[in-house]
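Novice: I'd like to ask some things about the structure below.
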Amino acid sequence: MIRIALKDLLGRKLRLALTSLAVVMGVAMVSGTFVLTDTIKHGFSQIFSTALQNSDVVITGKAAFGNDQNAPSFPASALDKVLKLPGVADAAGGVADTAQFVGADGKVVSHGGAPGLAFSVNADGDQHFNPLNLLSGTWPRGRTQIAVDKDTAADLKLAVGSTVGVIPRGGAVVHLKVSGIVSFGSVGSLGGATLAIFDLPTAQTLFQKEGKLDEIDVAAQPNVPSSELVAQIKSILPPHTQVRTGEEQAAKASSDTSSALSFLEYFLLAFGFIALFVGAFVIANTLSITIAQRTREFATLRTMGATGRQVIGVVLAEGLVTGLVAATIGLFAGVGLAKGLDELFKSFGIDLPQSGLIFASRTVIVSLVLGTAVTLIASVWPAVRATRVPPIAAVREGFVLPPGRFHRLGPYVALVIIGVSLALVCVGAFVKHGIPTATRLEMLGVGVLGSFIGVAMIASRIVRPLASLLGRPAQLGAGVAGTLARANSMRNPARTASTAAALMIGLALVTIVAVLAAGVRGSFEGAVKEEFQADYALTSENGFLPTSVDSADALRKAGVAEVVAGVRAGQGRAFGKTITLTAAEKGLSQMLVLKWTLGDASSLDVLGMNGAVVDKDYAKSHHLVDGSPFTLLVPSGQELHLMVKAIFDPPSGGSPFGPVTVSAEAFDSVTHNPQNVFTFMNMSGGVTPENTAILNDVLKSYPDAKVQTESEFIANQEAGINIFLNMLFVLLGLSVIVSLFGIVNTLVLTVFERTRELGMLRAVGMTRRQTRRMIRQESIITALIGAALGIPLGVGLGGLFGQALPGGMPFIVPWGQIVIFVFAALIVGLLAAIFPARRAAKLNPLEALQYE
Amino acid sequence: MNATEAIVSAQNVTRRYGQGDTAVDALRGVSLDIERGKLTAIMGPSGSGKSTLMHILAGLDKPSSGTVQIAGKEITSMGDNQLTLLRREHIGFVFQFFNLLPMLTARENIMLPLTVAGKEPEASWFEELITKVGLKDRLRHRPSELSGGQQQRVAVARSLVSKPSVVFADEPTGNLDSKTSEEILRLLRDSSDTYGQTIVMVTHDPRAAAIADRILYLADGAIVLDQRGATAAEVLQTMNDLDGHSVAS
Ligand SMILES: Nc1ncnc2c1ncn2[C@@H]1O[C@H](COP(=O)(O)OP(=O)(O)OP(=O)(O)O)[C@@H](O)[C@H]1O
Ligand SMILES: [Mg+2]
């Protein structure tokens, strides 16, 4: 029996292919995500294991909390102690930090978020611990030399002997001579990271780590096991350091990056799930149509004595096989997509390290199970419908399935679903206390998906008037073809509605994003205009890396500005939680306008070594009032004993400060090589081209610092939001493509169903061109219905979310983008019609009339 | 007539379509017994209720009032599951439009009633059946590769394969030319003669009715004549007479 079903399915290859496509995309996204993130993780772990391949044991600094990146350096004297240990064969110390190259154009070289890594090497040693291979030249020696990686050399057209500018973290640009070109082990790509290699004393000077080390690599005596060596070293370990075997260290570093990457993984998977959700709609719709078309077949089976259960079995078996086929194709398409995603990230300036593509068994299992399950679930409803086909339909010409028992309840059920969903969204969005964040996010997600289902259910009732309205232009513009298209789109409202619903989901999500983005931008602009009274701001080129404190000092020294004051940022831990710690330089009070609930702006300038400014929420949650004492731990392990001096109410659009702010002096006393996230300047005469020129001149040695006016500052900060936004649009585009396939499916099946009718129209004189136009117009009407449902829904939900964000957000309708979305829907309609319209036009009138 | 001899019987069956002013009484109290092993034809002008009657006799439709028994079982009160099982065991169908599954071969189509019931065919019976319908060399073909007559022969074989108590055929020749019609009719007659297969055939073709052992004439939803066999000419005559009669009445 099941075999019969499958034979039928496999006999109709086009139908199978069309149905599968809807799931392929979602599965491909899931499998592509896994392949991509696994490959990146593998790339990193390769990098780490290469870096440590000859180190039996590694000593590194230990942060008091948080990850090892914030670990402090430790005294170089530790190396001598290590060398004296009996189990040690050899040991070498090094410094690791970050440094950026400067191109010939004077601009900082940046590959998206990839770091500029800096390491020290010992030019005289046997390079036992050195993971780098010297490709040409020599290892750097002395204050004037640097070695660079081959990609950077190629990028900046450097050869041995060339001069290159490099900015060590927290310092001014230095110009060094390239002594050698290196590669990192056998690793192909460092994911856009650059390498700046110095000898140890030079690195210590450049990074202000004189007499200090970041890492000691140790080789054990021949028959001393690493664990034994670790035990020996533990006894002489200086404070704030840790010792691990090389393998442990590599594994730890890999797992740190893995957990950092899991955000990317979940982020991308979310889009896979959205595409699958839309795919489920498309499949349910496609199957419903084919089942309607196969009524005769099912009824005949029933007259042969097939039970309703067997009919369900037939449909579900088809669903299962379709799902398996789709999931398998999707799985492999995912490999291609992984490449595409990688390119996508690259085009947004994010380069990820790669080795060969990693195809884990988890990828296979999850993709297959997910794709099959989604298809199967989507076929349940059509399968149940199929059982309602009575045997007598075998003998009744043009039998139409009667609406189900609950049909009349449909709109009420839909309204209840919409109501419950919106309630969930509201609770998730507005009830901020008593419910864990994860649960709230789940409520939001379920609420949004639920509201899609609800609107899709009710859509069939409003499709007629919508189609009538949206079809008007077609009728006026495309003559008979348009008139017929409009009538056709109203003829089976349930079908038109569920086809449009798939597109509605994608468009609604895109609109939600656009509304939120408009709100974020609006409130950010509002906040900046309100808060910042400075003439100029100084930030790094990309706006999120910090800049050196030296650049601010240089400005002060030059005496060109009336006031120069920066904001530093780091991490702190208080009341058992890690928070962003910010610090204010003197003078900031003149350039920042905030709402103070305790103290005022001038408090910022008189914080001293133990004063703290906290934000209102933080004060509330930890019961802080004027004079409340608390202790703050910083990554170096030092503590700040603070006392609340002022409390402010952070603006919703963006606060210049974290929950706790201290004075720059206090911050610098516990921070090695502090940096500013932004620096503000006031000049006499305000913003003028002359002033800008003066500032740029003073900052010549700091190419990573960019002088900006208020509007440039806003644009620079927003650039980051825009990149993220565009990425969201591209990823959500995937679900729009899935819904495009949904329209193709419906149209192809409709054309098949109307074979006779189309033949008749052709026979009475309709041209091929008119036929094509008719299908095209119907497609566009369907797509526009999707837009008419999705965009308002998106605006509504987006507005709701915006209100739910802490502090609320202005509700801004992004009209420009909405117009673009409507056009996008139109294009989706046009594209979807190409294939079905061609099929319809190809029908031979004679053949069409002979059919059956 | 002995009740045990009746494989299908109906008492006072009425069927009304629709409600109120637009209601149509398709059947107005039909009682009949279909004898085992006989080929019974149901004749009558278009719209007289032939198909409606057959659907009700076969349990595809429910009467508005009255009762129907198949193989001694009261079917009008049966639920869907009972009816399904009844169909598996007792009923075969031949349709006007063949109703073959397009993606299955002729063989698979013929076996369908057994497949559905999860039964294995008896090899000798299957052999005999396909020889009789003359499809031996066409078993691997799909319906679209067969002529109308061949398709209907597949359908006849399909209706016989499970050896049902009764085969219902609604205008089995309605979609065929006269030559192929004749082949199908001969096939039906033959199955009745060789296997004692009970067959109920709805038709308005006098030549089809002529092969029947018994002809029931329906007019305006009621049986107006019960005839024990007739030639095509006689059937035609009777039809004309009845037509005049029903117009007159
Ligand atoms: N589903 C239905 N709904 C309403 N009226 C129906 C329906 N089916 C049949 N009828 C009416 O019942 C009467 C009998 O129809 P039926 O199909 O039984 O006639 P028939 O004798 O088979 O005719 P034909 O020889 O044309 O097939 C007709 O008047 C027909 O219009
Ligand atoms: Mg009829």
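Identifiers for the structure tokens are assigned positionally: chains receive A, B, ... in sequence, residues are indexed from 1 per chain, and ligands are indexed from 1 in the order shown.
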Name the residues of segment 4-239 of chain B that fall into strand (DSSP E) according to DSSP on the backbone, using the chain letters and numbers of this document, as JSON, numbers by chain.

Specialist: {"B": [6, 7, 8, 9, 10, 11, 12, 13, 14, 15, 16, 17, 24, 25, 26, 27, 28, 29, 30, 31, 32, 33, 34, 35, 39, 40, 41, 42, 43, 65, 66, 67, 68, 69, 70, 73, 74, 91, 92, 93, 94, 166, 167, 168, 169, 170, 198, 199, 200, 201, 202, 214, 215, 216, 217, 218, 219, 222, 223, 224, 225, 226, 227]}

Novice: Please determine the contact residues of chain A with respect to chain B at a cut-off of 6 Å, counting only C-alpha atoms, and supply them as a list in words.

Specialist: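 Close enough to count are Met1, Asp8, Gly11, Met304, Gly305, Ala306 and Ile392 of chain A.
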
Novice: Which of these, A:Leu376, A:Leu316, A:Ala172, A:Ile167, has the shortest distance to Val23 of chain A once you count only C-alpha atoms?

Specialist: A:Leu376

Novice: Hey, which residues come within 6 Å of ligand 1 if we count only C-alpha atoms and all ligand atoms? Could you give them as an MDAnalysis selection string?

Specialist: chainID B and resid 17 26 45:52

Novice: May I have the residues from that selection written out with N, CA, C and O atoms, as a JSON list (two decimals), in the first residue's frame?

Specialist:
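Resulting contents of again.json:
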```
[["chain", "number", "residue", "atom", "x", "y", "z"],
["B", 17, "TYR", "N", -32.45, 14.86, -2.87],
["B", 17, "TYR", "CA", -31.31, 15.78, -2.88],
["B", 17, "TYR", "C", -31.80, 17.18, -2.56],
["B", 17, "TYR", "O", -32.84, 17.60, -3.06],
["B", 26, "ALA", "N", -34.84, 11.88, -6.16],
["B", 26, "ALA", "CA", -34.19, 11.04, -7.16],
["B", 26, "ALA", "C", -34.72, 9.62, -7.11],
["B", 26, "ALA", "O", -34.81, 8.96, -8.14],
["B", 45, "PRO", "N", -34.27, 6.36, -18.53],
["B", 45, "PRO", "CA", -33.82, 7.60, -19.17],
["B", 45, "PRO", "C", -32.91, 8.41, -18.25],
["B", 45, "PRO", "O", -32.84, 8.14, -17.05],
["B", 46, "SER", "N", -32.23, 9.33, -18.85],
["B", 46, "SER", "CA", -31.32, 10.18, -18.07],
["B", 46, "SER", "C", -32.08, 10.89, -16.96],
["B", 46, "SER", "O", -33.17, 11.39, -17.16],
["B", 47, "GLY", "N", -31.48, 10.89, -15.80],
["B", 47, "GLY", "CA", -32.10, 11.58, -14.68],
["B", 47, "GLY", "C", -33.14, 10.75, -13.95],
["B", 47, "GLY", "O", -33.78, 11.22, -13.02],
["B", 48, "SER", "N", -33.28, 9.48, -14.35],
["B", 48, "SER", "CA", -34.32, 8.67, -13.72],
["B", 48, "SER", "C", -33.89, 8.15, -12.35],
["B", 48, "SER", "O", -34.71, 7.61, -11.62],
["B", 49, "GLY", "N", -32.63, 8.28, -12.04],
["B", 49, "GLY", "CA", -32.20, 7.86, -10.71],
["B", 49, "GLY", "C", -31.36, 6.59, -10.71],
["B", 49, "GLY", "O", -31.10, 6.01, -9.66],
["B", 50, "LYS", "N", -30.89, 6.15, -11.86],
["B", 50, "LYS", "CA", -30.12, 4.91, -11.96],
["B", 50, "LYS", "C", -28.85, 4.96, -11.11],
["B", 50, "LYS", "O", -28.59, 4.08, -10.30],
["B", 51, "SER", "N", -28.09, 6.02, -11.36],
["B", 51, "SER", "CA", -26.82, 6.13, -10.64],
["B", 51, "SER", "C", -27.06, 6.25, -9.14],
["B", 51, "SER", "O", -26.38, 5.61, -8.33],
["B", 52, "THR", "N", -28.03, 7.06, -8.81],
["B", 52, "THR", "CA", -28.35, 7.24, -7.40],
["B", 52, "THR", "C", -28.67, 5.89, -6.76],
["B", 52, "THR", "O", -28.15, 5.57, -5.68]]
```

Novice: Measuring between only C-alpha atoms and all ligand atoms, which one of B:Ser31, B:Thr203, B:Thr231, B:Thr238 shows the shortest distance to ligand 2?

Specialist: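 Using only C-alpha atoms and all ligand atoms, the shortest distance to ligand 2 belongs to B:Thr203.
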
Novice: Mind checking DSSP for segment 104-243 of chain B and telling me the helix (DSSP H, G or I) residues as a ChimeraX atom specification?

Specialist: /B:106-117,123-133,136-138,143-145,148-160,178-195,206-209,232-243

Novice: Quick one: residues within 12 Å of Asp33 of chain B, only C-alpha atoms counted, chain neighbours fewer than 3 positions away excluded, as a compact mmCIF listing (two decimals) with all heavy atoms, in the first residue's frame?

Specialist:
```txt
# COMPACT_ATOMS: atom_id res chain seq x y z
N MET B 1 -39.35 -15.45 -4.56
CA MET B 1 -37.89 -15.65 -4.58
C MET B 1 -37.37 -15.83 -3.16
O MET B 1 -37.75 -15.12 -2.25
CB MET B 1 -37.25 -14.42 -5.24
CG MET B 1 -35.80 -14.62 -5.42
SD MET B 1 -35.02 -13.12 -6.07
CE MET B 1 -36.37 -11.97 -6.19
N ASN B 2 -36.50 -16.78 -3.03
CA ASN B 2 -35.94 -17.07 -1.72
C ASN B 2 -34.99 -15.97 -1.27
O ASN B 2 -34.12 -15.55 -2.02
CB ASN B 2 -35.18 -18.41 -1.85
CG ASN B 2 -34.73 -18.91 -0.49
OD1 ASN B 2 -34.56 -18.12 0.43
ND2 ASN B 2 -34.56 -20.21 -0.39
N ALA B 3 -35.14 -15.53 -0.02
CA ALA B 3 -34.33 -14.41 0.48
C ALA B 3 -32.84 -14.74 0.46
O ALA B 3 -32.01 -13.85 0.24
CB ALA B 3 -34.76 -14.04 1.89
N THR B 4 -32.47 -15.99 0.69
CA THR B 4 -31.05 -16.34 0.71
C THR B 4 -30.43 -16.21 -0.68
O THR B 4 -29.24 -16.08 -0.82
CB THR B 4 -30.82 -17.77 1.22
OG1 THR B 4 -31.59 -18.64 0.39
CG2 THR B 4 -31.21 -17.91 2.66
N GLU B 5 -31.25 -16.26 -1.67
CA GLU B 5 -30.75 -16.11 -3.03
C GLU B 5 -30.43 -14.66 -3.37
O GLU B 5 -29.70 -14.37 -4.29
CB GLU B 5 -31.78 -16.64 -4.05
CG GLU B 5 -31.79 -18.15 -4.14
CD GLU B 5 -30.44 -18.71 -4.59
OE1 GLU B 5 -29.92 -18.23 -5.63
OE2 GLU B 5 -29.89 -19.56 -3.87
N ALA B 6 -30.98 -13.72 -2.58
CA ALA B 6 -30.76 -12.29 -2.88
C ALA B 6 -29.46 -11.83 -2.22
O ALA B 6 -29.32 -11.89 -1.01
CB ALA B 6 -31.92 -11.45 -2.36
N ILE B 7 -28.50 -11.40 -3.07
CA ILE B 7 -27.23 -10.96 -2.52
C ILE B 7 -27.31 -9.48 -2.13
O ILE B 7 -26.69 -9.03 -1.19
CB ILE B 7 -26.08 -11.25 -3.52
CG1 ILE B 7 -24.73 -11.03 -2.83
CG2 ILE B 7 -26.18 -10.41 -4.77
CD1 ILE B 7 -24.36 -12.16 -1.95
N VAL B 8 -28.14 -8.75 -2.87
CA VAL B 8 -28.40 -7.35 -2.53
C VAL B 8 -29.90 -7.17 -2.50
O VAL B 8 -30.59 -7.65 -3.40
CB VAL B 8 -27.82 -6.39 -3.60
CG1 VAL B 8 -28.09 -4.93 -3.23
CG2 VAL B 8 -26.33 -6.63 -3.80
N SER B 9 -30.39 -6.52 -1.46
CA SER B 9 -31.81 -6.20 -1.52
C SER B 9 -32.08 -4.83 -0.90
O SER B 9 -31.32 -4.37 -0.04
CB SER B 9 -32.64 -7.29 -0.84
OG SER B 9 -32.36 -7.32 0.52
N ALA B 10 -33.14 -4.22 -1.41
CA ALA B 10 -33.48 -2.88 -0.95
C ALA B 10 -34.97 -2.82 -0.66
O ALA B 10 -35.77 -3.47 -1.34
CB ALA B 10 -33.13 -1.86 -2.02
N GLN B 11 -35.34 -2.08 0.40
CA GLN B 11 -36.74 -1.93 0.74
C GLN B 11 -37.09 -0.45 0.85
O GLN B 11 -36.47 0.26 1.64
CB GLN B 11 -37.07 -2.62 2.08
CG GLN B 11 -36.92 -4.12 2.09
CD GLN B 11 -35.47 -4.52 2.34
OE1 GLN B 11 -34.74 -3.86 3.06
NE2 GLN B 11 -35.03 -5.61 1.69
N ASN B 12 -38.05 -0.05 0.03
CA ASN B 12 -38.60 1.31 0.11
C ASN B 12 -37.54 2.41 0.17
O ASN B 12 -37.63 3.32 0.99
CB ASN B 12 -39.51 1.44 1.34
CG ASN B 12 -40.71 0.53 1.21
OD1 ASN B 12 -41.33 0.48 0.13
ND2 ASN B 12 -41.00 -0.21 2.25
N VAL B 30 -37.94 2.60 -3.77
CA VAL B 30 -37.53 1.48 -4.61
C VAL B 30 -37.29 0.27 -3.73
O VAL B 30 -36.58 0.34 -2.74
CB VAL B 30 -36.24 1.82 -5.38
CG1 VAL B 30 -35.73 0.60 -6.13
CG2 VAL B 30 -36.48 2.99 -6.33
N ARG B 36 -28.31 -13.80 -6.68
CA ARG B 36 -26.93 -14.27 -6.73
C ARG B 36 -26.63 -14.90 -8.08
O ARG B 36 -27.46 -15.60 -8.65
CB ARG B 36 -26.74 -15.30 -5.62
CG ARG B 36 -25.31 -15.72 -5.38
CD ARG B 36 -25.26 -16.87 -4.37
NE ARG B 36 -25.72 -16.47 -3.05
CZ ARG B 36 -24.93 -15.91 -2.13
NH1 ARG B 36 -23.67 -15.68 -2.41
NH2 ARG B 36 -25.42 -15.59 -0.95
N LYS B 38 -26.47 -13.69 -10.99
CA LYS B 38 -27.13 -13.14 -12.18
C LYS B 38 -26.53 -11.80 -12.57
O LYS B 38 -25.97 -11.09 -11.76
CB LYS B 38 -28.63 -12.97 -11.91
CG LYS B 38 -29.36 -14.28 -11.71
CD LYS B 38 -29.62 -14.97 -13.04
CE LYS B 38 -29.89 -16.46 -12.91
NZ LYS B 38 -31.03 -16.81 -12.06
N THR B 40 -27.67 -8.31 -13.64
CA THR B 40 -28.87 -7.48 -13.65
C THR B 40 -28.54 -6.11 -14.25
O THR B 40 -27.53 -5.52 -13.89
CB THR B 40 -29.40 -7.26 -12.22
OG1 THR B 40 -29.53 -8.55 -11.60
CG2 THR B 40 -30.72 -6.54 -12.21
N LEU B 57 -27.17 1.23 -3.38
CA LEU B 57 -27.06 -0.22 -3.25
C LEU B 57 -25.62 -0.62 -2.88
O LEU B 57 -25.41 -1.57 -2.15
CB LEU B 57 -27.43 -0.91 -4.57
CG LEU B 57 -28.90 -0.83 -4.99
CD1 LEU B 57 -29.12 -1.56 -6.32
CD2 LEU B 57 -29.82 -1.40 -3.91
N THR B 67 -34.10 0.71 3.53
CA THR B 67 -32.94 -0.05 3.98
C THR B 67 -32.37 -0.85 2.82
O THR B 67 -33.05 -1.15 1.86
CB THR B 67 -33.32 -1.04 5.10
OG1 THR B 67 -34.44 -1.80 4.66
CG2 THR B 67 -33.65 -0.31 6.39
N VAL B 68 -31.09 -1.19 2.96
CA VAL B 68 -30.39 -1.99 1.95
C VAL B 68 -29.58 -3.07 2.67
O VAL B 68 -28.99 -2.80 3.70
CB VAL B 68 -29.43 -1.10 1.13
CG1 VAL B 68 -28.61 -1.95 0.16
CG2 VAL B 68 -30.18 0.00 0.40
N GLN B 69 -29.63 -4.31 2.15
CA GLN B 69 -28.78 -5.36 2.70
C GLN B 69 -27.86 -5.89 1.60
O GLN B 69 -28.26 -6.03 0.46
CB GLN B 69 -29.59 -6.56 3.22
CG GLN B 69 -30.48 -6.24 4.41
CD GLN B 69 -31.82 -5.69 3.97
OE1 GLN B 69 -32.36 -6.11 2.94
NE2 GLN B 69 -32.36 -4.73 4.71
N ILE B 70 -26.63 -6.12 2.01
CA ILE B 70 -25.70 -6.80 1.11
C ILE B 70 -25.21 -8.04 1.82
O ILE B 70 -24.78 -7.96 2.98
CB ILE B 70 -24.50 -5.90 0.74
CG1 ILE B 70 -24.97 -4.73 -0.13
CG2 ILE B 70 -23.43 -6.72 0.00
CD1 ILE B 70 -23.88 -3.82 -0.61
N ALA B 71 -25.34 -9.17 1.14
CA ALA B 71 -24.95 -10.46 1.71
C ALA B 71 -25.56 -10.62 3.10
O ALA B 71 -24.91 -11.07 4.04
CB ALA B 71 -23.43 -10.57 1.78
N GLY B 72 -26.81 -10.21 3.22
CA GLY B 72 -27.55 -10.40 4.46
C GLY B 72 -27.26 -9.35 5.52
O GLY B 72 -27.85 -9.36 6.59
N THR B 198 -22.06 -12.25 -9.51
CA THR B 198 -23.23 -11.37 -9.52
C THR B 198 -22.79 -10.00 -10.01
O THR B 198 -21.80 -9.46 -9.53
CB THR B 198 -23.81 -11.22 -8.09
OG1 THR B 198 -23.88 -12.52 -7.51
CG2 THR B 198 -25.16 -10.55 -8.11
N VAL B 200 -24.25 -6.02 -11.14
CA VAL B 200 -25.32 -5.04 -11.33
C VAL B 200 -24.75 -3.96 -12.23
O VAL B 200 -23.72 -3.37 -11.92
CB VAL B 200 -25.76 -4.41 -9.99
CG1 VAL B 200 -26.84 -3.35 -10.24
CG2 VAL B 200 -26.26 -5.48 -9.05
N ARG B 214 -31.66 -10.04 -16.39
CA ARG B 214 -32.85 -9.35 -15.89
C ARG B 214 -32.66 -7.86 -16.09
O ARG B 214 -31.55 -7.34 -15.92
CB ARG B 214 -32.98 -9.67 -14.40
CG ARG B 214 -34.15 -9.04 -13.71
CD ARG B 214 -34.01 -9.35 -12.23
NE ARG B 214 -35.04 -8.75 -11.45
CZ ARG B 214 -34.93 -8.54 -10.15
NH1 ARG B 214 -33.81 -8.85 -9.52
NH2 ARG B 214 -35.94 -8.02 -9.48
N LEU B 216 -34.13 -4.07 -15.01
CA LEU B 216 -35.05 -3.27 -14.21
C LEU B 216 -35.15 -1.91 -14.87
O LEU B 216 -34.13 -1.28 -15.16
CB LEU B 216 -34.50 -3.11 -12.79
CG LEU B 216 -34.42 -4.38 -11.95
CD1 LEU B 216 -33.63 -4.12 -10.67
CD2 LEU B 216 -35.83 -4.88 -11.62
N ASP B 226 -39.95 -4.82 -14.58
CA ASP B 226 -38.95 -5.83 -14.20
C ASP B 226 -39.02 -6.90 -15.26
O ASP B 226 -39.97 -7.65 -15.34
CB ASP B 226 -39.31 -6.38 -12.81
CG ASP B 226 -38.22 -7.30 -12.28
OD1 ASP B 226 -37.36 -7.75 -13.08
OD2 ASP B 226 -38.25 -7.58 -11.07
```

Novice: Would you mind listing what lies within 12 Å of segment 408-411 of chain A as number ranges by chain, with only C-alpha atoms counted and same-chain residues fewer than 2 positions away left out?

Specialist: A: 402-406, 413-419, 453-462, 494

Novice: With N, CA, C and O atoms retained, write the just-selected residues as a compact mmCIF listing (two decimals), in the first residue's frame.

Specialist:
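result.txt, written as the output of this step:
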```
# COMPACT_ATOMS: atom_id res chain seq x y z
N PRO A 402 -15.85 19.04 0.83
CA PRO A 402 -16.63 20.00 1.62
C PRO A 402 -15.76 20.54 2.75
O PRO A 402 -14.84 19.88 3.19
N PRO A 403 -16.03 21.77 3.19
CA PRO A 403 -15.24 22.30 4.30
C PRO A 403 -15.42 21.42 5.53
O PRO A 403 -16.48 20.80 5.71
N GLY A 404 -14.42 21.34 6.33
CA GLY A 404 -14.45 20.46 7.49
C GLY A 404 -15.44 20.91 8.55
O GLY A 404 -16.03 21.98 8.46
N ARG A 405 -15.59 20.05 9.53
CA ARG A 405 -16.54 20.32 10.60
C ARG A 405 -16.24 21.64 11.30
O ARG A 405 -17.10 22.33 11.79
N PHE A 406 -14.93 21.97 11.38
CA PHE A 406 -14.55 23.12 12.18
C PHE A 406 -14.37 24.38 11.32
O PHE A 406 -13.94 25.40 11.80
N VAL A 413 -11.18 30.54 15.85
CA VAL A 413 -9.94 29.90 16.30
C VAL A 413 -8.76 30.81 15.96
O VAL A 413 -7.86 31.04 16.78
N ALA A 414 -8.78 31.34 14.72
CA ALA A 414 -7.69 32.22 14.29
C ALA A 414 -7.58 33.42 15.21
O ALA A 414 -6.48 33.78 15.64
N LEU A 415 -8.73 34.02 15.54
CA LEU A 415 -8.70 35.19 16.42
C LEU A 415 -8.16 34.82 17.79
O LEU A 415 -7.39 35.58 18.39
N VAL A 416 -8.57 33.64 18.28
CA VAL A 416 -8.06 33.20 19.58
C VAL A 416 -6.55 33.03 19.51
O VAL A 416 -5.80 33.50 20.39
N ILE A 417 -6.07 32.39 18.43
CA ILE A 417 -4.62 32.19 18.27
C ILE A 417 -3.90 33.54 18.24
O ILE A 417 -2.90 33.74 18.92
N ILE A 418 -4.47 34.47 17.46
CA ILE A 418 -3.83 35.79 17.36
C ILE A 418 -3.82 36.45 18.74
O ILE A 418 -2.81 37.00 19.18
N GLY A 419 -4.95 36.35 19.44
CA GLY A 419 -5.06 36.97 20.76
C GLY A 419 -4.03 36.39 21.72
O GLY A 419 -3.28 37.13 22.38
N ILE A 453 0.67 32.25 12.23
CA ILE A 453 -0.27 31.17 11.94
C ILE A 453 -1.70 31.71 11.98
O ILE A 453 -2.51 31.44 11.10
N GLY A 454 -1.98 32.51 13.03
CA GLY A 454 -3.32 33.07 13.18
C GLY A 454 -3.72 33.92 11.98
O GLY A 454 -4.80 33.75 11.41
N VAL A 455 -2.82 34.81 11.59
CA VAL A 455 -3.14 35.69 10.45
C VAL A 455 -3.29 34.85 9.18
O VAL A 455 -4.18 35.09 8.37
N ALA A 456 -2.43 33.85 9.04
CA ALA A 456 -2.53 32.99 7.85
C ALA A 456 -3.89 32.29 7.81
O ALA A 456 -4.51 32.15 6.76
N MET A 457 -4.39 31.90 9.01
CA MET A 457 -5.67 31.19 9.05
C MET A 457 -6.83 32.10 8.67
O MET A 457 -7.77 31.70 8.00
N ILE A 458 -6.73 33.33 9.13
CA ILE A 458 -7.85 34.24 8.90
C ILE A 458 -7.74 34.86 7.50
O ILE A 458 -8.70 35.42 6.97
N ALA A 459 -6.55 34.72 6.91
CA ALA A 459 -6.29 35.39 5.64
C ALA A 459 -7.28 34.99 4.55
O ALA A 459 -7.67 35.82 3.72
N SER A 460 -7.71 33.71 4.57
CA SER A 460 -8.58 33.27 3.48
C SER A 460 -9.89 34.06 3.46
O SER A 460 -10.56 34.15 2.45
N ARG A 461 -10.25 34.65 4.62
CA ARG A 461 -11.50 35.42 4.68
C ARG A 461 -11.34 36.83 4.15
O ARG A 461 -12.32 37.49 3.86
N ILE A 462 -10.11 37.31 4.13
CA ILE A 462 -9.95 38.69 3.66
C ILE A 462 -9.24 38.75 2.32
O ILE A 462 -8.99 39.82 1.78
N ALA A 494 -8.74 30.21 -0.10
CA ALA A 494 -7.90 29.51 0.87
C ALA A 494 -6.52 29.27 0.28
O ALA A 494 -5.49 29.44 0.94
```

Novice: Rounded to one decimal in Å, what is the spacing between atom CA of Ile775 of chain A and atom CA of Arg294 of chain A?

Specialist: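 These atoms are spaced 22.6 Å apart.
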
Novice: At what distance in Å, to one decimal, does atom CA of Leu642 of chain A lie from atom CA of Ala612 of chain A?

Specialist: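 Atom CA of Leu642 of chain A lies 6.0 Å from atom CA of Ala612 of chain A.
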
Novice: Would you compute the distance between atom CA of Arg573 of chain A and atom CA of Phe65 of chain A? Give it in Å to one decimal.

Specialist: 7.8 Å

Novice: Using only C-alpha atoms, which protein or nucleic acid residues come within 9 Å of Ile329 of chain A? Drop anything in the same chain fewer than 2 positions from it, and give the result as a ChimeraX atom specification.

Specialist: /A:20-21,24,27-28,324-327,331-334

Novice: Could you list, as a ChimeraX atom specification, every residue within 8 Å of segment 686-697 of chain A, counting only C-alpha atoms and ignoring same-chain residues fewer than 3 positions away?

Specialist: /A:535-536,555,560,682-683,700,707,709
